[in-house]
$ cat start.txt   # compact mmCIF, C-alpha atoms and all ligand atoms
# COMPACT_ATOMS: atom_id res chain seq x y z
CA MET A 1 -32.52 6.04 0.87
CA GLN A 2 -30.05 4.51 -1.61
CA SER A 3 -27.96 1.73 -0.16
CA PHE A 4 -24.57 0.46 -1.36
CA ASP A 5 -21.92 -2.04 -0.28
CA ILE A 6 -19.19 0.59 -0.47
CA ALA A 7 -19.07 4.40 -0.68
CA VAL A 8 -15.87 5.89 -2.10
CA ILE A 9 -15.42 9.56 -1.20
CA GLY A 10 -13.46 11.60 -3.75
CA ALA A 11 -13.48 11.04 -7.53
CA GLY A 12 -9.86 11.92 -8.28
CA ILE A 13 -7.57 9.23 -9.62
CA ALA A 14 -7.44 7.43 -6.25
CA GLY A 15 -11.21 7.19 -5.81
CA ALA A 16 -11.99 6.48 -9.48
CA SER A 17 -9.41 3.68 -9.76
CA VAL A 18 -10.35 1.84 -6.56
CA ALA A 19 -14.08 2.28 -7.25
CA ALA A 20 -13.64 0.73 -10.72
CA ARG A 21 -11.86 -2.29 -9.26
CA LEU A 22 -14.51 -2.76 -6.56
CA THR A 23 -17.39 -2.78 -9.07
CA GLN A 24 -15.45 -5.27 -11.19
CA ALA A 25 -15.51 -7.53 -8.13
CA GLY A 26 -19.31 -7.32 -8.14
CA LYS A 27 -19.78 -4.77 -5.34
CA ARG A 28 -22.47 -2.07 -5.41
CA VAL A 29 -20.40 1.09 -5.17
CA VAL A 30 -21.19 4.81 -5.03
CA LEU A 31 -18.51 7.42 -5.81
CA CYS A 32 -19.26 10.75 -4.07
CA GLU A 33 -17.52 13.89 -5.35
CA MET A 34 -18.14 17.37 -3.98
CA GLU A 35 -17.22 19.19 -7.21
CA ASN A 36 -19.31 19.19 -10.38
CA GLN A 37 -16.44 17.55 -12.23
CA ALA A 38 -14.41 14.47 -11.28
CA GLY A 39 -10.67 15.23 -11.21
CA TYR A 40 -11.15 18.97 -10.59
CA HIS A 41 -8.52 19.11 -7.84
CA THR A 42 -5.02 17.53 -7.80
CA THR A 43 -5.68 14.86 -10.43
CA GLY A 44 -6.50 17.47 -13.07
CA ARG A 45 -3.39 19.53 -12.27
CA SER A 46 -0.50 17.08 -12.48
CA ALA A 47 2.60 17.10 -14.67
CA ALA A 48 1.51 13.70 -16.05
CA ILE A 49 4.85 11.95 -15.67
CA PHE A 50 5.75 8.35 -14.96
CA ALA A 51 9.18 8.46 -13.34
CA PRO A 52 10.06 5.04 -11.92
CA THR A 53 13.20 6.40 -10.22
CA TYR A 54 11.30 9.13 -8.34
CA GLY A 55 10.18 9.03 -4.71
CA PRO A 56 10.51 6.69 -1.72
CA THR A 57 11.26 2.97 -2.23
CA VAL A 58 7.62 1.87 -1.98
CA ILE A 59 6.59 4.49 -4.57
CA ARG A 60 9.19 3.16 -7.00
CA ALA A 61 7.92 -0.36 -6.41
CA LEU A 62 4.29 0.73 -6.97
CA ALA A 63 5.33 2.48 -10.20
CA ARG A 64 7.08 -0.70 -11.41
CA ALA A 65 3.97 -2.70 -10.49
CA SER A 66 1.79 -0.23 -12.44
CA GLN A 67 3.89 -0.29 -15.61
CA SER A 68 2.22 -3.27 -17.27
CA PHE A 69 -1.24 -1.69 -16.81
CA PHE A 70 -0.08 1.52 -18.50
CA GLU A 71 1.52 -0.44 -21.34
CA ASN A 72 -1.35 -2.89 -21.81
CA PRO A 73 -4.56 -1.47 -20.35
CA PRO A 74 -7.69 -3.64 -20.43
CA GLU A 75 -9.54 -3.80 -23.74
CA LYS A 76 -11.64 -0.67 -24.50
CA PHE A 77 -10.12 1.11 -21.48
CA SER A 78 -8.99 4.06 -23.60
CA ASP A 79 -9.03 5.15 -27.23
CA GLY A 80 -5.26 5.66 -27.43
CA PRO A 81 -2.13 4.60 -25.55
CA LEU A 82 -1.75 5.68 -21.92
CA PHE A 83 2.04 6.03 -22.25
CA SER A 84 4.31 7.94 -24.62
CA PRO A 85 8.08 7.96 -24.08
CA ARG A 86 9.57 10.92 -22.25
CA GLN A 87 13.16 10.62 -21.10
CA ILE A 88 13.83 12.22 -17.72
CA MET A 89 17.08 14.03 -17.12
CA MET A 90 18.09 15.24 -13.65
CA ILE A 91 20.80 17.84 -13.97
CA SER A 92 23.42 18.45 -11.31
CA ARG A 93 25.62 21.49 -10.80
CA ALA A 94 29.16 20.88 -9.53
CA ASP A 95 28.00 21.85 -6.00
CA GLN A 96 25.20 19.24 -6.13
CA THR A 97 27.40 16.20 -6.75
CA ALA A 98 26.47 14.63 -3.39
CA ALA A 99 22.80 14.50 -4.46
CA LEU A 100 23.73 12.94 -7.79
CA ASP A 101 25.95 10.34 -6.09
CA LYS A 102 23.16 9.46 -3.67
CA LEU A 103 20.74 8.83 -6.51
CA ILE A 104 23.27 6.74 -8.42
CA ALA A 105 23.91 4.62 -5.30
CA GLN A 106 20.15 4.09 -4.79
CA MET A 107 19.69 2.88 -8.36
CA GLY A 108 22.40 0.19 -8.16
CA ASP A 109 22.83 -1.47 -11.54
CA ASP A 110 19.39 -0.58 -12.95
CA PRO A 111 19.86 -0.86 -16.75
CA THR A 112 17.28 1.86 -17.43
CA VAL A 113 19.41 4.63 -15.90
CA SER A 114 22.74 6.18 -16.86
CA VAL A 115 24.91 9.22 -16.14
CA VAL A 116 26.19 11.75 -18.68
CA ASP A 117 28.75 14.56 -18.48
CA GLU A 118 28.19 18.18 -19.49
CA PRO A 119 28.66 17.77 -23.26
CA GLY A 120 26.41 14.72 -23.13
CA LEU A 121 23.61 16.44 -21.23
CA ARG A 122 23.75 19.50 -23.48
CA GLU A 123 23.45 17.27 -26.48
CA ILE A 124 20.26 15.82 -25.01
CA ASN A 125 18.89 19.21 -23.91
CA PRO A 126 20.68 22.03 -25.75
CA LEU A 127 18.74 24.61 -23.71
CA VAL A 128 20.82 23.90 -20.59
CA ARG A 129 23.05 26.95 -20.14
CA LYS A 130 26.73 26.28 -20.87
CA GLY A 131 28.66 25.86 -17.63
CA TYR A 132 25.50 25.47 -15.48
CA ALA A 133 25.46 21.70 -14.94
CA SER A 134 28.39 19.32 -14.68
CA ALA A 135 26.55 16.00 -15.02
CA ALA A 136 23.09 14.50 -15.31
CA PHE A 137 21.24 11.37 -14.31
CA LEU A 138 19.12 9.90 -17.09
CA ASP A 139 16.01 7.80 -16.56
CA HIS A 140 15.34 6.15 -19.90
CA ALA A 141 12.15 4.48 -18.60
CA GLY A 142 10.33 7.81 -18.11
CA GLN A 143 6.95 8.17 -19.80
CA GLU A 144 4.28 10.77 -20.35
CA ILE A 145 0.92 9.59 -18.98
CA ASP A 146 -2.37 10.49 -20.65
CA VAL A 147 -3.95 11.36 -17.28
CA SER A 148 -7.34 12.19 -18.70
CA ALA A 149 -7.51 8.87 -20.57
CA LEU A 150 -6.45 7.00 -17.41
CA HIS A 151 -8.96 8.76 -15.18
CA GLN A 152 -11.81 8.56 -17.69
CA GLY A 153 -10.94 4.92 -18.37
CA PHE A 154 -11.41 4.05 -14.70
CA LEU A 155 -14.62 6.09 -14.52
CA ARG A 156 -15.97 4.32 -17.62
CA GLN A 157 -15.07 0.92 -16.17
CA PHE A 158 -16.79 1.93 -12.95
CA LYS A 159 -20.02 2.99 -14.66
CA SER A 160 -20.13 0.02 -17.00
CA GLY A 161 -19.71 -2.22 -13.94
CA GLY A 162 -22.89 -0.69 -12.48
CA GLY A 163 -21.21 1.94 -10.27
CA THR A 164 -23.02 5.18 -9.39
CA VAL A 165 -21.21 8.53 -9.64
CA MET A 166 -22.68 11.37 -7.59
CA LEU A 167 -21.17 14.74 -8.47
CA LYS A 168 -21.89 17.93 -6.48
CA THR A 169 -22.23 15.58 -3.52
CA GLU A 170 -20.08 16.80 -0.66
CA VAL A 171 -20.02 14.41 2.27
CA LEU A 172 -20.93 16.56 5.26
CA ALA A 173 -21.28 13.92 7.98
CA LEU A 174 -20.74 10.21 8.50
CA ALA A 175 -22.51 8.30 11.23
CA GLN A 176 -22.05 4.65 12.02
CA HIS A 177 -25.06 2.45 12.73
CA SER A 178 -24.74 -1.23 13.65
CA THR A 179 -23.95 -2.64 10.20
CA HIS A 180 -23.66 0.38 7.99
CA TRP A 181 -22.64 4.00 7.57
CA ARG A 182 -25.16 6.77 7.06
CA ILE A 183 -23.57 9.36 4.80
CA THR A 184 -25.08 12.82 4.89
CA THR A 185 -24.75 15.12 1.90
CA LYS A 186 -26.59 18.36 1.15
CA ASP A 187 -29.25 16.80 -1.04
CA ARG A 188 -29.59 13.24 0.24
CA ASP A 189 -28.51 10.59 2.69
CA ILE A 190 -26.86 7.38 1.50
CA GLU A 191 -26.13 4.09 3.26
CA ALA A 192 -23.02 1.95 2.76
CA GLY A 193 -21.31 -0.92 4.57
CA ILE A 194 -17.79 0.44 4.03
CA VAL A 195 -16.51 3.98 3.49
CA VAL A 196 -13.31 4.49 1.45
CA ASN A 197 -11.60 7.79 2.18
CA ALA A 198 -10.05 8.93 -1.12
CA ALA A 199 -10.58 12.62 -0.40
CA GLY A 200 -7.09 13.80 -1.40
CA ALA A 201 -6.04 16.91 0.55
CA TRP A 202 -9.24 16.60 2.61
CA ALA A 203 -8.57 13.02 3.75
CA ASP A 204 -7.49 13.89 7.30
CA LYS A 205 -10.50 16.20 7.63
CA LEU A 206 -12.79 13.35 6.61
CA GLY A 207 -11.00 11.07 9.10
CA GLN A 208 -11.65 13.57 11.87
CA MET A 209 -15.35 13.54 10.99
CA VAL A 210 -15.52 9.94 12.21
CA GLU A 211 -12.84 10.27 14.93
CA ALA A 212 -10.44 7.95 13.08
CA GLU A 213 -6.70 8.17 13.72
CA HIS A 214 -4.88 11.37 12.69
CA ILE A 215 -2.51 10.52 9.84
CA GLY A 216 -0.77 13.91 9.90
CA LEU A 217 -1.52 14.61 6.25
CA LEU A 218 0.17 17.76 4.96
CA PRO A 219 -1.17 19.26 1.71
CA LYS A 220 1.64 21.12 -0.09
CA ARG A 221 1.05 23.54 -2.92
CA ARG A 222 2.91 23.03 -6.19
CA THR A 223 2.85 25.61 -8.96
CA ALA A 224 3.13 25.11 -12.71
CA ALA A 225 3.02 27.44 -15.70
CA MET A 226 3.12 27.24 -19.45
CA ILE A 227 5.49 29.29 -21.60
CA ALA A 228 6.32 29.35 -25.30
CA ALA A 229 9.15 27.08 -26.38
CA PRO A 230 12.05 28.99 -28.00
CA HIS A 231 11.88 26.74 -31.07
CA LYS A 232 10.31 23.49 -32.16
CA LEU A 233 11.33 20.81 -29.67
CA GLY A 234 12.13 17.34 -30.99
CA PRO A 235 10.22 14.28 -29.72
CA ASP A 236 13.29 13.24 -27.69
CA PHE A 237 13.49 16.49 -25.73
CA PRO A 238 13.61 15.34 -22.08
CA MET A 239 11.80 16.48 -19.00
CA THR A 240 14.68 18.23 -17.23
CA ILE A 241 14.70 18.40 -13.44
CA ASP A 242 17.09 19.92 -10.95
CA ILE A 243 18.70 17.00 -9.07
CA GLU A 244 17.54 18.54 -5.77
CA GLU A 245 14.09 19.26 -7.24
CA GLN A 246 14.28 23.04 -7.25
CA PHE A 247 12.65 23.35 -10.70
CA TYR A 248 11.72 21.42 -13.81
CA ILE A 249 10.79 21.98 -17.43
CA LYS A 250 8.89 19.62 -19.66
CA PRO A 251 7.68 19.83 -23.25
CA ASP A 252 3.90 19.99 -23.47
CA ALA A 253 2.07 20.15 -26.82
CA GLY A 254 4.66 22.45 -28.43
CA ARG A 255 5.12 24.56 -25.31
CA LEU A 256 7.15 24.24 -22.12
CA LEU A 257 5.63 23.42 -18.76
CA ILE A 258 7.77 24.96 -16.03
CA SER A 259 7.62 24.58 -12.25
CA PRO A 260 9.60 25.86 -9.25
CA ALA A 261 8.86 22.49 -7.63
CA ASP A 262 7.51 24.36 -4.61
CA GLU A 263 6.13 22.57 -1.56
CA THR A 264 4.32 25.23 0.46
CA LEU A 265 2.10 23.99 3.27
CA SER A 266 -1.56 24.73 2.67
CA ALA A 267 -4.96 24.03 4.11
CA PRO A 268 -7.09 21.80 1.85
CA CYS A 269 -8.51 24.21 -0.73
CA ASP A 270 -8.86 25.06 -4.40
CA ALA A 271 -5.14 25.88 -4.72
CA GLN A 272 -4.17 28.90 -6.79
CA PRO A 273 -0.72 29.99 -8.00
CA GLU A 274 1.04 32.81 -6.13
CA GLU A 275 2.87 35.52 -8.10
CA LEU A 276 5.97 35.06 -5.93
CA ASP A 277 6.23 31.35 -6.82
CA ILE A 278 5.93 32.18 -10.51
CA ALA A 279 8.70 34.80 -10.16
CA ILE A 280 10.94 32.29 -8.33
CA CYS A 281 10.23 29.76 -11.03
CA VAL A 282 11.18 32.14 -13.86
CA ASP A 283 14.36 33.15 -12.03
CA ARG A 284 15.50 29.53 -11.54
CA ILE A 285 14.60 28.55 -15.10
CA GLU A 286 16.42 31.53 -16.64
CA LYS A 287 19.54 30.74 -14.57
CA ALA A 288 19.65 27.11 -15.67
CA PHE A 289 18.50 27.37 -19.29
CA ASP A 290 19.07 29.60 -22.31
CA LEU A 291 15.52 30.83 -21.97
CA SER A 292 14.09 34.28 -21.56
CA VAL A 293 10.54 34.09 -20.25
CA ARG A 294 8.59 36.96 -21.81
CA ARG A 295 5.06 35.82 -21.04
CA ILE A 296 3.35 33.28 -18.81
CA GLU A 297 0.66 31.80 -21.03
CA SER A 298 -1.18 30.00 -18.26
CA LYS A 299 -0.54 29.02 -14.66
CA TRP A 300 -2.06 26.81 -12.03
CA ALA A 301 -1.34 25.13 -8.71
CA GLY A 302 -2.40 21.93 -7.01
CA LEU A 303 -1.98 20.25 -3.65
CA ARG A 304 0.31 17.26 -3.24
CA SER A 305 -0.53 15.66 0.12
CA PHE A 306 2.06 13.79 2.15
CA VAL A 307 2.38 12.04 5.50
CA ALA A 308 5.72 12.10 7.33
CA ASP A 309 7.47 9.28 5.45
CA GLY A 310 6.18 10.29 2.00
CA ALA A 311 4.47 6.96 1.33
CA PRO A 312 0.73 6.47 0.71
CA VAL A 313 -1.61 5.50 3.54
CA THR A 314 -3.85 2.50 2.99
CA GLY A 315 -5.80 0.23 5.27
CA PHE A 316 -8.80 0.02 7.53
CA SER A 317 -8.83 2.42 10.44
CA GLN A 318 -7.73 0.86 13.70
CA ARG A 319 -10.23 3.04 15.56
CA VAL A 320 -13.36 2.98 13.42
CA ASP A 321 -14.79 -0.14 11.80
CA GLY A 322 -15.45 -0.08 8.09
CA PHE A 323 -13.47 3.11 7.36
CA TYR A 324 -10.70 2.59 4.81
CA TRP A 325 -7.85 5.06 4.16
CA LEU A 326 -6.56 5.66 0.62
CA ALA A 327 -4.60 8.86 1.00
CA GLY A 328 -1.17 10.52 0.97
CA GLN A 329 -0.24 9.82 -2.66
CA GLY A 330 1.91 12.97 -2.66
CA GLY A 331 3.48 13.71 -6.03
CA TYR A 332 3.05 10.18 -7.33
CA GLY A 333 -0.67 9.43 -7.29
CA ILE A 334 -1.04 9.12 -11.07
CA GLN A 335 1.94 6.90 -11.77
CA THR A 336 1.06 4.54 -8.91
CA ALA A 337 -2.75 4.45 -9.34
CA PRO A 338 -3.03 1.12 -11.21
CA ALA A 339 -1.08 -0.85 -8.60
CA LEU A 340 -2.23 1.08 -5.52
CA SER A 341 -5.91 0.69 -6.45
CA ALA A 342 -5.41 -3.05 -7.08
CA TYR A 343 -3.75 -3.39 -3.67
CA ALA A 344 -6.44 -1.35 -1.88
CA ALA A 345 -9.31 -3.20 -3.58
CA CYS A 346 -7.91 -6.57 -2.48
CA GLU A 347 -7.59 -5.33 1.09
CA ILE A 348 -11.12 -3.91 1.13
CA LEU A 349 -12.47 -7.19 -0.28
CA GLY A 350 -10.46 -9.23 2.24
CA GLU A 351 -8.38 -10.88 -0.49
CA ALA A 352 -4.63 -11.42 -0.72
CA PRO A 353 -2.86 -8.81 -2.87
CA ALA A 354 -1.91 -9.84 -6.42
CA ALA A 355 1.42 -11.67 -6.68
CA GLU A 356 2.78 -9.11 -9.15
CA LEU A 357 2.81 -6.48 -6.40
CA ALA A 358 5.18 -8.58 -4.30
CA LEU A 359 7.25 -9.35 -7.40
CA ALA A 360 7.68 -5.62 -8.02
CA GLY A 361 8.88 -5.28 -4.42
CA VAL A 362 5.81 -3.62 -2.87
CA ASP A 363 5.99 -4.20 0.89
CA PRO A 364 2.50 -3.79 2.46
CA ASN A 365 4.15 -2.73 5.73
CA ASP A 366 5.25 0.48 4.00
CA LEU A 367 1.64 1.32 3.08
CA MET A 368 -0.37 0.34 6.16
CA VAL A 369 -2.03 3.04 8.21
CA THR A 370 -0.82 1.17 11.32
CA ARG A 371 2.80 2.19 10.59
CA LEU A 372 1.88 5.76 11.56
CA SER A 373 0.73 4.92 15.10
C1 LIG B 401 1.67 20.38 -10.10
C2 LIG B 401 1.53 18.91 -9.81
C3 LIG B 401 2.26 18.00 -10.55
C4 LIG B 401 2.11 16.62 -10.33
N1 LIG B 401 2.77 15.75 -11.16
C5 LIG B 401 2.59 14.42 -11.01
C6 LIG B 401 3.20 13.51 -11.93
O1 LIG B 401 3.90 13.93 -12.86
N2 LIG B 401 3.00 12.17 -11.73
C7 LIG B 401 2.23 11.69 -10.70
O2 LIG B 401 2.10 10.47 -10.57
N3 LIG B 401 1.62 12.55 -9.83
C8 LIG B 401 1.79 13.88 -9.97
N4 LIG B 401 1.17 14.75 -9.10
C9 LIG B 401 0.43 14.20 -7.96
C10 LIG B 401 -0.93 13.63 -8.35
O3 LIG B 401 -1.61 14.56 -9.14
C11 LIG B 401 -1.70 13.28 -7.05
O4 LIG B 401 -0.95 12.38 -6.27
C12 LIG B 401 -3.06 12.65 -7.35
O5 LIG B 401 -3.77 13.38 -8.30
C13 LIG B 401 -3.88 12.56 -6.06
O6 LIG B 401 -5.15 12.04 -6.42
P1 LIG B 401 -6.33 11.97 -5.37
O7 LIG B 401 -7.45 11.27 -6.05
O8 LIG B 401 -5.81 11.42 -4.09
O9 LIG B 401 -6.69 13.50 -5.05
P2 LIG B 401 -7.67 14.51 -5.82
O10 LIG B 401 -7.49 14.45 -7.28
O11 LIG B 401 -7.50 15.85 -5.18
O12 LIG B 401 -9.10 13.93 -5.50
C14 LIG B 401 -9.70 14.02 -4.22
C15 LIG B 401 -11.15 14.39 -4.44
O13 LIG B 401 -11.86 14.29 -3.22
C16 LIG B 401 -12.91 15.24 -3.28
N5 LIG B 401 -13.40 15.47 -1.93
C17 LIG B 401 -12.71 15.93 -0.85
N6 LIG B 401 -13.51 16.00 0.24
C18 LIG B 401 -14.73 15.56 -0.15
C19 LIG B 401 -15.98 15.41 0.53
N7 LIG B 401 -16.14 15.72 1.83
N8 LIG B 401 -17.05 14.93 -0.18
C20 LIG B 401 -16.92 14.61 -1.51
N9 LIG B 401 -15.75 14.76 -2.18
C21 LIG B 401 -14.68 15.22 -1.52
C22 LIG B 401 -12.25 16.46 -3.91
O14 LIG B 401 -13.17 17.33 -4.47
C23 LIG B 401 -11.32 15.81 -4.93
O15 LIG B 401 -11.89 15.80 -6.22
C24 LIG B 401 1.26 16.14 -9.29
C25 LIG B 401 0.53 17.04 -8.54
C26 LIG B 401 0.64 18.42 -8.80
C27 LIG B 401 -0.18 19.38 -7.99
$ encode --input "start.txt" --output "structure tokens" --more "lines below"
Ligand SMILES: Cc1cc2nc3c(=O)[nH]c(=O)nc-3n(C[C@H](O)[C@H](O)[C@H](O)COP(=O)(O)OP(=O)(O)OC[C@H]3O[C@@H](n4cnc5c(N)ncnc54)[C@H](O)[C@@H]3O)c2cc1C
Amino acid sequence: MQSFDIAVIGAGIAGASVAARLTQAGKRVVLCEMENQAGYHTTGRSAAIFAPTYGPTVIRALARASQSFFENPPEKFSDGPLFSPRQIMMISRADQTAALDKLIAQMGDDPTVSVVDEPGLREINPLVRKGYASAAFLDHAGQEIDVSALHQGFLRQFKSGGGTVMLKTEVLALAQHSTHWRITTKDRDIEAGIVVNAAGAWADKLGQMVEAEHIGLLPKRRTAAMIAAPHKLGPDFPMTIDIEEQFYIKPDAGRLLISPADETLSAPCDAQPEELDIAICVDRIEKAFDLSVRRIESKWAGLRSFVADGAPVTGFSQRVDGFYWLAGQGGYGIQTAPALSAYAACEILGEAPAAELALAGVDPNDLMVTRLS
């Protein structure tokens, strides 16, 4: 039987990033993934955006703490840059002013954000229908993330550090013996001292396998589709989001990615788009923009998994020794992965978190699994 210091379950961005950091610290790590491809589930289905003004306070802090990694990844991490600029514009109708004001108040005097009126927003995105929106919030620090390069970069780091990836290896059972876990999969059993639960939408299910605490994880389906752009879009064309997150559009390789920003509860599964969500999406998009959607070129859905307060869940289980949670990244798991994995790796290794996390305002109390009890 193969034996490791640490077994990380789930090879999405959460599992790949923490596994890479643990091998860099000299640990013998195995990364178990039930699919035949790492990143098949939520990680491979994201909108690939870095939006430092999006999400709960701790998410914003984790995004800030991740920024330097995206801008200056380690040598040979990826062939090209991980970031390319993508301004984010949140448009507000006259009846949504309260939501706009709330966001402005939260941002304080952040120099990377500003507010524009209707002529200003239509200059930035001329597709916004005349008379639809009265103002918009601009996040100038928004970026497009090369998700594949980020994910593959972590996987490459992991393998070159001696890590073992096991694909088509669904963890079926976990049993604790005095000093180690026995991990049962269809084809083999593995031993490891610590288990890291990075199973995405399946994380609570995995927790229940070992009778760990219930974290109340709720997978929520989000739909996306690709349509033709009405004309060539300039490089400055912004991702444009409804201020109350009812829809968004984003340029994507000459086309437009559109989403109804749905959040439908789901069991953990291989999420698929529903026709109704696509129809709702088209309706909202056609109301807000001078766009007539003739054909959906492609469509997909993925699960964004949240606990009650919308923040990630990290930390060793309080009920089961050697079982570490790395779950609940919701709609922010890509943009926070560099900092969250650094934080989790330090905790797993029993080290103090890097000072830059505190400098960015990351409060560990907002991440700990114990906050949920
Ligand atoms: C439409 C959409 C748009 C998004 N846009 C953005 C965005 O712009 N920016 C951003 O930061 N985030 C975005 N997100 C969210 C982001 O994609 C997620 O937060 C992130 O991918 C979660 O990563 P993960 O590794 O936790 O989960 P996953 O990628 O789902 O990985 C978990 C893995 O665990 C495996 N697994 C589960 N159970 C087992 C088991 N028993 N044994 C072995 N393996 C197992 C699964 O097969 C899976 O591969 C978006 C998500 C969606 C759906």
$ residues_near_ligand --input "start.txt" --ligand "ligand LIG 401 (chain B)" --cutoff "7 Å" --atoms "all atoms listed in the file" --output "PyMOL selection string"
chain A and resi 9-15+32-35+38-50+169-172+198-203+206+221-224+301-304+327-336
$ closest_residue --input "start.txt" --among "A:Thr23, A:Ser134, A:Val30, A:Ala141" --to "Ala51 in chain A" --atoms "all atoms listed in the file"
A:Ala141
$ closest_residue --input "start.txt" --among "A:Asp242, A:His140, A:Leu291, A:His151" --to "Thr97 in chain A" --atoms "all atoms listed in the file"
A:Asp242
$ closest_residue --input "start.txt" --among "A:Ile278, A:Thr184, A:Ala354, A:Pro230" --to "Gly254 in chain A" --atoms "all atoms listed in the file"
A:Pro230
$ closest_atom_pairs --input "start.txt" --of "range 157-271 of chain A" --to "range 312-323 of chain A" --cutoff "12 Å" --atoms "only C-alpha atoms" --output "tab-separated table"
residue	atom	partner	partner_atom	distance
A:Leu174	CA	A:Phe323	CA	10.2
A:Ala175	CA	A:Val320	CA	10.8
A:Gln176	CA	A:Asp321	CA	8.7
A:His177	CA	A:Asp321	CA	10.6
A:Ser178	CA	A:Asp321	CA	10.2
A:Thr179	CA	A:Gly322	CA	9.1
A:His180	CA	A:Gly322	CA	8.2
A:Trp181	CA	A:Gly322	CA	8.3
A:Arg182	CA	A:Gly322	CA	11.9
A:Ala192	CA	A:Gly322	CA	9.5
A:Gly193	CA	A:Gly322	CA	6.9
A:Ile194	CA	A:Gly322	CA	4.7
A:Val195	CA	A:Phe323	CA	5.0
A:Val196	CA	A:Phe323	CA	6.1
A:Asn197	CA	A:Phe323	CA	7.2
A:Ala198	CA	A:Thr314	CA	9.8
A:Gly200	CA	A:Pro312	CA	10.9
A:Ala203	CA	A:Val313	CA	10.2
A:Asp204	CA	A:Val313	CA	10.9
A:Leu206	CA	A:Phe323	CA	10.3
A:Gly207	CA	A:Phe323	CA	8.5
A:Gln208	CA	A:Val320	CA	10.8
A:Met209	CA	A:Val320	CA	11.0
A:Val210	CA	A:Val320	CA	7.4
A:Glu211	CA	A:Val320	CA	7.5
A:Ala212	CA	A:Arg319	CA	5.5
A:Glu213	CA	A:Arg319	CA	6.5
A:His214	CA	A:Ser317	CA	10.0
A:Ile215	CA	A:Val313	CA	8.1
A:Gly216	CA	A:Val313	CA	10.6
A:Leu217	CA	A:Val313	CA	9.5
$ closest_residue --input "start.txt" --among "A:Pro119, A:Asp252, A:Glu244, A:Lys130" --to "Asp95 in chain A" --atoms "all atoms listed in the file"
A:Glu244
$ closest_residue --input "start.txt" --among "A:Cys269, A:Ala311, A:Val8, A:Ala337" --to "Asp366 in chain A" --atoms "all atoms listed in the file"
A:Ala311
$ atom_distance --input "start.txt" --atom1 "CA of Arg64 in chain A" --atom2 "CA of Ala25 in chain A"
23.8 Å
$ closest_residue --input "start.txt" --among "A:Leu82, A:Ile249, A:Ile280, A:Lys220" --to "Pro268 in chain A" --atoms "only C-alpha atoms"
A:Lys220
$ atom_distance --input "start.txt" --atom1 "CA of Val115 in chain A" --atom2 "CA of Gly142 in chain A"
14.8 Å
$ atom_distance --input "start.txt" --atom1 "CA of Ala253 in chain A" --atom2 "CA of Pro111 in chain A"
29.3 Å
$ closest_atom_pairs --input "start.txt" --of "range 199-296 of chain A" --to "range 53-56 of chain A" --cutoff "12 Å" --atoms "all atoms listed in the file" --output "Markdown table"
| residue | atom | partner | partner_atom | distance |
| --- | --- | --- | --- | --- |
| A:Ile241 | CA | A:Tyr54 | CA | 11.1 |
| A:Ile243 | CA | A:Tyr54 | CA | 10.8 |
| A:Glu244 | CA | A:Tyr54 | CA | 11.6 |
| A:Glu245 | CA | A:Tyr54 | CA | 10.6 |
$ residues_near_point --input "start.txt" --point "(18.5, 15.0, -14.6)" --cutoff "7 Å" --atoms "only C-alpha atoms" --output "ChimeraX atom specification"
/A:88-92,136-138,240-243
$ residues_near_point --input "start.txt" --point "(18.3, 25.3, -24.4)" --cutoff "6 Å" --atoms "all atoms listed in the file" --output "PyMOL selection string"
chain A and resi 126-128+289-290
